[in-house]
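Below is coords-v5.cif, holding mmCIF, C-alpha atoms and all ligand atoms.
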data_structure
loop_
_atom_site.label_atom_id
_atom_site.label_comp_id
_atom_site.auth_asym_id
_atom_site.auth_seq_id
_atom_site.Cartn_x
_atom_site.Cartn_y
_atom_site.Cartn_z
CA MET A 524 -124.52 43.12 -130.03
CA ALA A 525 -121.94 45.75 -129.18
CA ALA A 526 -123.47 48.28 -131.59
CA LYS A 527 -126.88 47.72 -130.09
CA ALA A 528 -125.45 48.11 -126.64
CA ALA A 529 -124.07 51.50 -127.54
CA ALA A 530 -127.31 52.72 -129.07
CA ASN A 531 -129.94 51.63 -126.60
CA ALA A 532 -130.65 51.74 -122.93
CA ILE A 533 -129.81 48.19 -121.92
CA THR A 534 -129.68 46.10 -118.82
CA TYR A 535 -126.56 44.51 -117.45
CA ARG A 536 -128.50 41.32 -116.98
CA SER A 537 -130.94 41.46 -119.82
CA VAL A 538 -130.01 38.23 -121.60
CA ALA A 539 -129.80 35.79 -118.74
CA SER A 540 -132.93 37.12 -117.12
CA SER A 541 -134.82 34.73 -119.31
CA MET A 542 -132.50 31.78 -119.19
CA PRO A 543 -131.97 28.98 -116.74
CA ALA A 544 -128.62 28.18 -115.20
CA ILE A 545 -126.52 26.06 -117.51
CA SER A 546 -124.10 24.32 -115.23
CA GLY A 547 -123.95 21.63 -112.65
CA GLY A 548 -127.42 20.34 -113.35
CA ARG A 549 -128.87 23.15 -111.29
CA CYS A 550 -131.67 24.60 -113.32
CA ARG A 551 -133.08 27.68 -111.68
CA SER A 552 -135.24 29.10 -114.39
CA SER A 553 -137.69 30.51 -111.90
CA ARG A 554 -135.25 32.68 -110.00
CA THR A 555 -135.38 36.43 -110.22
CA TRP A 556 -132.38 37.98 -111.85
CA ASN A 557 -131.30 41.40 -110.84
CA SER A 558 -131.56 44.01 -113.53
CA VAL A 559 -129.27 47.00 -113.59
CA ARG A 560 -130.46 49.79 -115.81
CA LEU A 561 -127.78 51.61 -117.72
CA PRO A 562 -128.19 55.15 -119.00
CA ARG A 563 -128.45 55.59 -122.74
CA ASN A 564 -125.09 55.29 -124.45
CA ARG A 565 -123.42 54.50 -121.17
CA CYS A 566 -120.11 52.78 -121.60
CA CYS A 567 -116.61 53.21 -120.27
CA SER A 568 -115.02 55.11 -123.13
CA SER A 569 -114.78 58.16 -120.89
CA LEU A 570 -112.17 56.30 -118.89
CA ARG A 571 -109.32 57.32 -121.15
CA ASN A 572 -108.98 60.71 -122.73
CA ASN A 573 -105.96 60.11 -124.90
CA PRO A 574 -106.04 57.06 -127.11
CA ALA A 575 -102.46 57.52 -128.26
CA ASP A 576 -100.48 54.34 -127.83
CA VAL A 577 -97.70 54.04 -125.34
CA ASP A 578 -95.24 53.64 -128.19
CA GLY A 579 -96.66 56.76 -129.84
CA SER A 580 -97.62 54.87 -132.98
CA ASN A 581 -101.37 55.15 -132.48
CA SER A 582 -101.69 51.76 -134.10
CA ALA A 583 -104.71 49.82 -132.97
CA ALA A 584 -102.69 46.76 -132.01
CA VAL A 585 -99.07 45.79 -132.42
CA VAL A 586 -97.82 42.43 -133.52
CA VAL A 587 -95.22 41.63 -130.93
CA ALA A 588 -94.48 38.08 -131.99
CA LYS A 589 -95.06 36.06 -135.12
CA ASP A 590 -93.22 32.85 -135.23
CA ASP A 591 -93.58 29.20 -136.25
CA LYS A 592 -93.99 28.48 -132.58
CA TYR A 593 -97.36 30.24 -132.62
CA GLY A 594 -98.61 28.66 -135.83
CA SER A 595 -100.40 31.26 -137.94
CA LYS A 596 -101.46 33.26 -134.88
CA GLN A 597 -100.33 36.82 -134.48
CA ILE A 598 -99.88 37.98 -130.92
CA ILE A 599 -101.05 41.51 -130.33
CA SER A 600 -100.26 43.78 -127.44
CA LEU A 601 -102.99 45.73 -125.76
CA THR A 602 -102.37 49.28 -126.87
CA ALA A 603 -104.12 52.26 -125.33
CA ARG A 604 -106.28 52.61 -128.43
CA LEU A 605 -107.32 48.98 -128.37
CA TYR A 606 -108.01 49.13 -124.65
CA ASP A 607 -110.06 52.25 -125.22
CA TYR A 608 -112.08 50.32 -127.76
CA ILE A 609 -112.63 47.48 -125.29
CA LEU A 610 -113.74 49.92 -122.62
CA SER A 611 -116.13 51.56 -125.07
CA ASN A 612 -117.82 48.16 -125.34
CA VAL A 613 -118.18 47.61 -121.61
CA ARG A 614 -121.59 48.07 -120.07
CA GLU A 615 -120.73 49.61 -116.75
CA PRO A 616 -123.69 50.25 -114.45
CA GLU A 617 -123.91 53.88 -113.29
CA ILE A 618 -123.40 52.92 -109.64
CA MET A 619 -120.16 51.16 -110.52
CA ARG A 620 -118.96 54.16 -112.46
CA GLN A 621 -119.61 56.31 -109.39
CA LEU A 622 -117.66 53.91 -107.19
CA ARG A 623 -114.78 53.77 -109.66
CA GLU A 624 -114.63 57.54 -109.86
CA GLU A 625 -114.75 57.98 -106.10
CA THR A 626 -112.05 55.35 -105.62
CA ALA A 627 -109.80 56.93 -108.26
CA ALA A 628 -108.82 59.60 -105.74
CA MET A 629 -107.97 57.05 -103.06
CA ARG A 630 -104.71 55.38 -102.20
CA GLY A 631 -104.40 51.99 -103.91
CA SER A 632 -107.00 52.69 -106.60
CA GLN A 633 -104.83 50.89 -109.15
CA MET A 634 -105.70 47.69 -107.27
CA GLN A 635 -109.29 47.81 -108.44
CA VAL A 636 -110.24 45.46 -111.27
CA SER A 637 -111.02 47.25 -114.53
CA PRO A 638 -114.57 47.62 -115.89
CA ASP A 639 -114.00 44.91 -118.52
CA GLN A 640 -112.72 42.52 -115.86
CA ALA A 641 -115.64 43.31 -113.56
CA GLN A 642 -118.03 42.60 -116.42
CA LEU A 643 -116.35 39.27 -117.06
CA LEU A 644 -116.62 38.31 -113.38
CA ALA A 645 -120.31 39.19 -113.45
CA MET A 646 -120.81 37.15 -116.58
CA LEU A 647 -119.10 34.12 -115.05
CA VAL A 648 -121.38 34.37 -112.04
CA GLN A 649 -124.37 34.52 -114.37
CA LEU A 650 -123.14 31.70 -116.57
CA ILE A 651 -122.87 29.20 -113.77
CA GLY A 652 -126.03 30.46 -112.10
CA ALA A 653 -124.11 31.17 -108.92
CA GLN A 654 -126.10 31.74 -105.75
CA ARG A 655 -123.31 31.82 -103.19
CA CYS A 656 -120.01 33.56 -103.83
CA ILE A 657 -116.89 34.52 -101.90
CA GLU A 658 -114.52 37.37 -102.58
CA VAL A 659 -111.07 37.47 -101.02
CA GLY A 660 -109.81 41.07 -101.18
CA VAL A 661 -112.63 43.60 -101.49
CA TYR A 662 -110.87 46.98 -101.29
CA THR A 663 -113.63 49.58 -101.94
CA GLY A 664 -115.94 47.00 -103.44
CA TYR A 665 -115.82 47.43 -107.22
CA SER A 666 -115.52 43.74 -108.18
CA SER A 667 -117.80 42.62 -105.36
CA LEU A 668 -120.45 45.13 -106.45
CA ALA A 669 -120.30 43.70 -109.98
CA VAL A 670 -120.95 40.25 -108.55
CA ALA A 671 -123.63 41.34 -106.07
CA LEU A 672 -125.54 43.22 -108.77
CA VAL A 673 -126.02 40.08 -110.84
CA LEU A 674 -126.72 37.69 -107.98
CA PRO A 675 -130.34 36.65 -107.59
CA GLU A 676 -132.22 38.14 -104.64
CA SER A 677 -131.73 34.89 -102.74
CA GLY A 678 -127.99 34.90 -103.47
CA CYS A 679 -125.16 36.00 -101.20
CA LEU A 680 -121.59 37.12 -101.44
CA VAL A 681 -119.18 36.71 -98.53
CA ALA A 682 -116.83 39.68 -98.88
CA CYS A 683 -113.51 39.28 -96.99
CA GLU A 684 -111.31 42.31 -96.38
CA ARG A 685 -108.82 43.30 -93.66
CA ASP A 686 -108.93 47.05 -94.21
CA SER A 687 -111.84 48.68 -92.40
CA LYS A 688 -111.48 52.03 -94.15
CA SER A 689 -111.91 50.55 -97.63
CA LEU A 690 -114.77 48.45 -96.34
CA GLU A 691 -116.64 51.58 -95.25
CA VAL A 692 -116.68 52.75 -98.88
CA ALA A 693 -117.72 49.30 -100.09
CA LYS A 694 -120.58 49.08 -97.59
CA ARG A 695 -121.83 52.55 -98.54
CA PHE A 696 -121.97 51.50 -102.18
CA TYR A 697 -123.67 48.17 -101.46
CA GLU A 698 -126.38 50.21 -99.71
CA LYS A 699 -126.59 52.76 -102.49
CA ALA A 700 -126.86 50.01 -105.11
CA GLY A 701 -129.58 48.22 -103.14
CA VAL A 702 -127.55 45.01 -102.79
CA ALA A 703 -126.43 45.27 -99.15
CA HIS A 704 -128.82 42.46 -98.20
CA LYS A 705 -126.89 40.12 -100.51
CA VAL A 706 -123.42 40.92 -99.15
CA ILE A 707 -122.05 39.43 -95.92
CA VAL A 708 -119.09 41.64 -95.08
CA LYS A 709 -116.32 39.88 -93.15
CA HIS A 710 -113.68 42.15 -91.71
CA GLY A 711 -110.46 40.31 -90.95
CA MET A 712 -107.71 38.15 -92.37
CA ALA A 713 -109.06 36.23 -95.31
CA ALA A 714 -107.47 32.86 -94.53
CA ASP A 715 -108.96 32.94 -91.01
CA ILE A 716 -112.37 33.82 -92.40
CA LEU A 717 -112.24 30.98 -94.94
CA ARG A 718 -111.16 28.53 -92.24
CA SER A 719 -114.04 29.64 -90.04
CA LEU A 720 -116.50 29.08 -92.91
CA ILE A 721 -115.20 25.53 -93.25
CA LEU A 722 -115.46 24.95 -89.49
CA ASN A 723 -118.98 26.30 -89.73
CA GLY A 724 -119.90 23.40 -92.02
CA GLU A 725 -119.98 25.42 -95.24
CA ALA A 726 -117.64 23.20 -97.27
CA GLY A 727 -119.01 22.68 -100.78
CA CYS A 728 -121.65 25.37 -100.26
CA TYR A 729 -120.27 28.01 -102.61
CA ASP A 730 -120.52 28.27 -106.39
CA PHE A 731 -118.00 30.97 -107.20
CA ALA A 732 -114.96 32.63 -105.64
CA PHE A 733 -112.70 35.50 -106.63
CA ILE A 734 -109.21 35.77 -105.13
CA ASP A 735 -107.65 39.23 -105.24
CA ALA A 736 -105.71 39.81 -102.02
CA GLU A 737 -102.19 39.05 -100.78
CA LYS A 738 -100.50 37.29 -103.72
CA ARG A 739 -98.16 35.20 -101.59
CA MET A 740 -101.21 33.68 -99.90
CA ASN A 741 -102.80 32.56 -103.18
CA HIS A 742 -102.06 28.92 -102.66
CA GLU A 743 -103.49 28.89 -99.17
CA TYR A 744 -106.63 30.71 -100.33
CA PHE A 745 -106.91 28.31 -103.22
CA GLU A 746 -106.70 25.20 -101.02
CA LEU A 747 -109.28 26.59 -98.60
CA LEU A 748 -111.57 27.58 -101.45
CA LEU A 749 -111.24 24.13 -102.99
CA GLN A 750 -113.03 22.95 -99.89
CA LEU A 751 -115.63 25.70 -99.86
CA VAL A 752 -116.55 25.76 -103.55
CA ARG A 753 -118.65 22.92 -104.90
CA VAL A 754 -117.68 20.54 -107.70
CA ASP A 755 -118.43 22.36 -110.97
CA GLY A 756 -117.97 25.72 -109.27
CA VAL A 757 -115.53 28.36 -110.46
CA ILE A 758 -112.62 30.13 -108.78
CA VAL A 759 -111.05 33.13 -110.45
CA ILE A 760 -107.62 34.39 -109.43
CA ASP A 761 -106.40 37.84 -110.36
CA ASN A 762 -102.88 38.97 -111.26
CA VAL A 763 -101.49 35.63 -112.40
CA LEU A 764 -99.26 37.39 -114.96
CA TRP A 765 -98.27 40.00 -112.39
CA HIS A 766 -97.88 42.81 -114.91
CA GLY A 767 -95.85 40.49 -117.15
CA LYS A 768 -93.17 39.92 -114.52
CA VAL A 769 -93.80 36.16 -114.31
CA ALA A 770 -92.38 35.76 -117.82
CA ASP A 771 -89.35 37.97 -117.25
CA PRO A 772 -86.31 35.89 -116.24
CA LEU A 773 -84.64 38.99 -114.79
CA VAL A 774 -87.36 39.41 -112.18
CA SER A 775 -87.02 37.24 -109.11
CA ASP A 776 -88.59 39.15 -106.23
CA ALA A 777 -90.50 37.12 -103.66
CA LYS A 778 -93.97 38.10 -104.87
CA THR A 779 -93.23 37.29 -108.52
CA GLU A 780 -91.62 33.98 -107.54
CA SER A 781 -94.61 33.03 -105.44
CA ILE A 782 -96.99 33.76 -108.32
CA ARG A 783 -94.80 31.72 -110.69
CA ASN A 784 -94.82 28.81 -108.25
CA PHE A 785 -98.52 29.10 -107.77
CA ASN A 786 -99.19 29.10 -111.54
CA ARG A 787 -96.94 26.06 -111.96
CA ARG A 788 -98.70 24.14 -109.20
CA ILE A 789 -102.10 24.95 -110.62
CA MET A 790 -100.97 23.91 -114.09
CA GLU A 791 -100.06 20.51 -112.64
CA ASP A 792 -103.10 20.18 -110.43
CA GLU A 793 -105.38 17.54 -111.90
CA ARG A 794 -108.23 18.32 -109.56
CA VAL A 795 -109.17 21.37 -111.62
CA SER A 796 -109.68 22.44 -115.18
CA ILE A 797 -107.94 25.69 -115.89
CA SER A 798 -107.80 28.61 -118.27
CA MET A 799 -105.32 31.44 -118.04
CA VAL A 800 -106.76 34.53 -119.66
CA ARG A 801 -104.79 37.43 -121.01
CA SER A 802 -105.98 40.71 -119.69
CA LEU A 803 -104.26 43.81 -118.34
CA SER A 804 -103.74 41.71 -115.32
CA ALA A 805 -104.76 38.14 -115.87
CA PHE A 806 -107.26 35.75 -114.47
CA ILE A 807 -107.11 32.03 -114.07
CA PHE A 808 -110.42 30.25 -113.97
CA PHE A 809 -110.82 27.00 -112.22
CA LEU A 810 -113.74 24.89 -113.03
CA PHE A 811 -114.06 22.07 -110.56
CA ASP A 812 -115.02 18.70 -111.76
CA SER A 813 -114.55 15.13 -110.70
CA TYR A 814 -111.23 13.50 -111.49
CA ALA A 815 -112.80 11.35 -114.17
CA THR A 816 -114.21 14.25 -116.10
CA THR A 817 -111.72 16.99 -115.41
CA LYS A 818 -111.08 17.88 -119.02
CA ARG A 819 -114.67 17.75 -120.10
CA LYS A 820 -115.48 21.23 -118.91
CA TYR A 821 -112.46 23.04 -120.23
CA PHE A 822 -113.21 26.33 -121.94
CA ASP A 823 -111.55 29.65 -122.49
CA VAL A 824 -112.80 33.16 -122.49
CA LYS A 825 -113.58 33.23 -126.20
CA SER A 826 -115.89 30.30 -125.93
CA PHE A 827 -117.56 32.00 -123.00
CA PHE A 828 -118.72 34.68 -125.35
CA VAL A 829 -119.70 32.24 -128.08
CA GLY A 830 -121.48 30.09 -125.54
CA TYR A 831 -123.25 33.07 -124.07
CA PHE A 832 -124.73 34.20 -127.35
CA ASP A 833 -125.58 30.66 -128.43
CA VAL A 834 -127.43 30.14 -125.22
CA LYS A 835 -129.34 33.36 -125.73
CA LYS A 836 -130.42 32.26 -129.19
CA LEU A 837 -131.44 28.91 -127.81
CA TYR A 838 -133.71 30.39 -125.21
CA ASN A 839 -135.14 33.12 -127.42
CA ALA A 840 -136.00 30.61 -130.13
C1 LIG A 901 -106.24 44.17 -105.14
S1 LIG A 901 -107.17 44.76 -103.83
C2 LIG A 901 -108.77 44.16 -104.14
C3 LIG A 901 -109.45 44.91 -105.25
C4 LIG A 901 -110.91 44.55 -105.42
N1 LIG A 901 -111.04 43.15 -105.77
C5 LIG A 901 -111.51 45.44 -106.47
O1 LIG A 901 -111.54 45.05 -107.63
O2 LIG A 901 -111.90 46.57 -106.13
C6 LIG A 901 -106.58 43.74 -102.54
C7 LIG A 901 -107.29 43.93 -101.21
O3 LIG A 901 -106.99 42.78 -100.43
C8 LIG A 901 -106.87 43.17 -99.09
N2 LIG A 901 -106.05 42.17 -98.41
C9 LIG A 901 -104.74 41.90 -98.60
N3 LIG A 901 -104.37 40.87 -97.82
C10 LIG A 901 -105.46 40.48 -97.13
C11 LIG A 901 -105.70 39.48 -96.16
N4 LIG A 901 -104.74 38.68 -95.74
N5 LIG A 901 -106.96 39.36 -95.66
C12 LIG A 901 -107.96 40.17 -96.08
N6 LIG A 901 -107.79 41.15 -97.00
C13 LIG A 901 -106.55 41.31 -97.51
C14 LIG A 901 -106.20 44.54 -99.16
O4 LIG A 901 -106.49 45.28 -97.99
C15 LIG A 901 -106.83 45.13 -100.42
O5 LIG A 901 -107.92 45.94 -100.10
#

Just dump the structure as structure tokens.
Ligand SMILES: C[S@@+](CC[C@H](N)C(=O)[O-])C[C@H]1O[C@@H](n2cnc3c(N)ncnc32)[C@H](O)[C@@H]1O
Amino acid sequence: MAAKAAANAITYRSVASSMPAISGGRCRSSRTWNSVRLPRNRCCSSLRNNPADVDGSNSAAVVVAKDDKYGSKQIISLTARLYDYILSNVREPEIMRQLREETAAMRGSQMQVSPDQAQLLAMLVQLIGAQRCIEVGVYTGYSSLAVALVLPESGCLVACERDSKSLEVAKRFYEKAGVAHKVIVKHGMAADILRSLILNGEAGCYDFAFIDAEKRMNHEYFELLLQLVRVDGVIVIDNVLWHGKVADPLVSDAKTESIRNFNRRIMEDERVSISMVRSLSAFIFFLFDSYATTKRKYFDVKSFFVGYFDVKKLYNA
């Protein structure tokens, strides 16, 4: 699949365009999926020029722990070379590359999700057949653009951001990408916006949410989104490993502590199924389900990929 992707002009959405939604009993086989044409050989390998590893070893991946505790699993660190390889297998639409490159010169550009993370968000939206999404923390719009591009024409994304300057860039790119009609931009404090959606009778009306704003507010966003997102919907939270600081006993600043507390509370929260995913910064997925069946829908990112390709085979057969 990856080799083919590198050799041919492909579409971001090519597989699911022929498949119905697979979650929540909502089968929408007749909907129109958005197709984003990628230029030939377009991938993100241009993102890094020097694949030398941080430790100078140039090894593809380093075993950082091998212990009885981990069974026979080797734990690898994400070296620059390995990350370069991952990026070379990302299908980044041209419009997103333009946005990423424009944002690179701006203050705070490190806040943007990476192309591989954006692709994963888009795939999650596709997998659950999401129609209505919310993003908390838009910045210049990279992750929201990834979501908007794969939403069906009838879909919508409520994009919450307090910074008007970043929003100007985001709005320009929604227009340029032809998805502005799918994005409802909300300028203001995210918690207030979420509360107003609830007051507006929109509880349970959303399929997917992405939280990527003020980390100390995560729990509040989460509780509000639990009301807004339907049972069987998905919430993704960024930065749950906080650059590795959550696991470092010497770090105890307020932000790290709040993320630790949040992760602990989520781990104990039986209302949701969870999966913490390793990434440069990490995601937690929440898949809502009823109490009785909470564990039934558990999956991790590896099975996403397996499931994705299996589903493709199923529908092509
Ligand atoms: C990490 S960035 C978002 C990056 C974006 N998801 C992307 O991938 O391009 C966080 C954004 O959240 C916004 N933000 C922080 N606290 C907020 C709040 N309370 N309400 C709304 N936006 C907030 C910041 O202005 C910033 O633009």

Find the residues with any atom within 9 Å of (-111.0, 38.7, -108.7); use only C-alpha atoms and the coordinates as given in the file, and write the answer as a ChimeraX atom specification. /A:636,640-641,644,658-661,666-667,732-736,758-762,806

Please report the interatomic distance between CA of Pro638 in chain A and CA of Ala669 in chain A in Å with one decimal. 9.1 Å

Which residues are close to Lys699 in chain A, i.e. within 12 Å by only C-alpha atoms, leaving aside same-chain residues fewer than 3 positions away? Reply as number ranges by chain. A: 617-619, 621-622, 668, 672, 692-696, 702-704

Kindly provide, as a PyMOL selection string, all nucleotide and amino acid residues lying within 6 Å of ligand LIG 901 (chain A), counting only C-alpha atoms and all ligand atoms. chain A and resi 634-636+660-666+683-686+711-713+735-737

Write a file of the selected residues as a compact mmCIF listing (two decimals), in the coordinates of the input, keeping C-alpha atoms.
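To be explicit, this is the file written out as out-v9.txt:
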# COMPACT_ATOMS: atom_id res chain seq x y z
CA MET A 634 -105.70 47.69 -107.27
CA GLN A 635 -109.29 47.81 -108.44
CA VAL A 636 -110.24 45.46 -111.27
CA GLY A 660 -109.81 41.07 -101.18
CA VAL A 661 -112.63 43.60 -101.49
CA TYR A 662 -110.87 46.98 -101.29
CA THR A 663 -113.63 49.58 -101.94
CA GLY A 664 -115.94 47.00 -103.44
CA TYR A 665 -115.82 47.43 -107.22
CA SER A 666 -115.52 43.74 -108.18
CA CYS A 683 -113.51 39.28 -96.99
CA GLU A 684 -111.31 42.31 -96.38
CA ARG A 685 -108.82 43.30 -93.66
CA ASP A 686 -108.93 47.05 -94.21
CA GLY A 711 -110.46 40.31 -90.95
CA MET A 712 -107.71 38.15 -92.37
CA ALA A 713 -109.06 36.23 -95.31
CA ASP A 735 -107.65 39.23 -105.24
CA ALA A 736 -105.71 39.81 -102.02
CA GLU A 737 -102.19 39.05 -100.78

State, in Å with one decimal place, the distance from CA of Gly631 in chain A to CA of Leu773 in chain A. 26.0 Å

Using all atoms listed in the file, determine which residues lie at most 7 Å from Ala653 in chain A, disregarding the query and same-chain residues fewer than 3 positions distant; provide the list as a PyMOL selection string. chain A and resi 648-649+656+730-731

By how many Å are CA of Gly678 in chain A and CA of Leu650 in chain A apart?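 Taking CA of Gly678 in chain A as the start and CA of Leu650 in chain A as the end point, the length is 14.3 Å.
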
As AutoDock Vina command-line options: centre and edge lengths in Å, one decimal, of the axis-aligned box holding range 745-763 of chain A with 8 Å per side:
--center_x -110.1 --center_y 29.8 --center_z -105.5 --size_x 33.2 --size_y 34.4 --size_z 29.8

Pick the closest to Val752 in chain A from A:Ala603, A:Ala726, A:Val673, A:Ile721: which is it, counting only C-alpha atoms?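 Going through A:Ala603, A:Ala726, A:Val673, A:Ile721 one by one, the smallest distance to Val752 in chain A is for A:Ala726.
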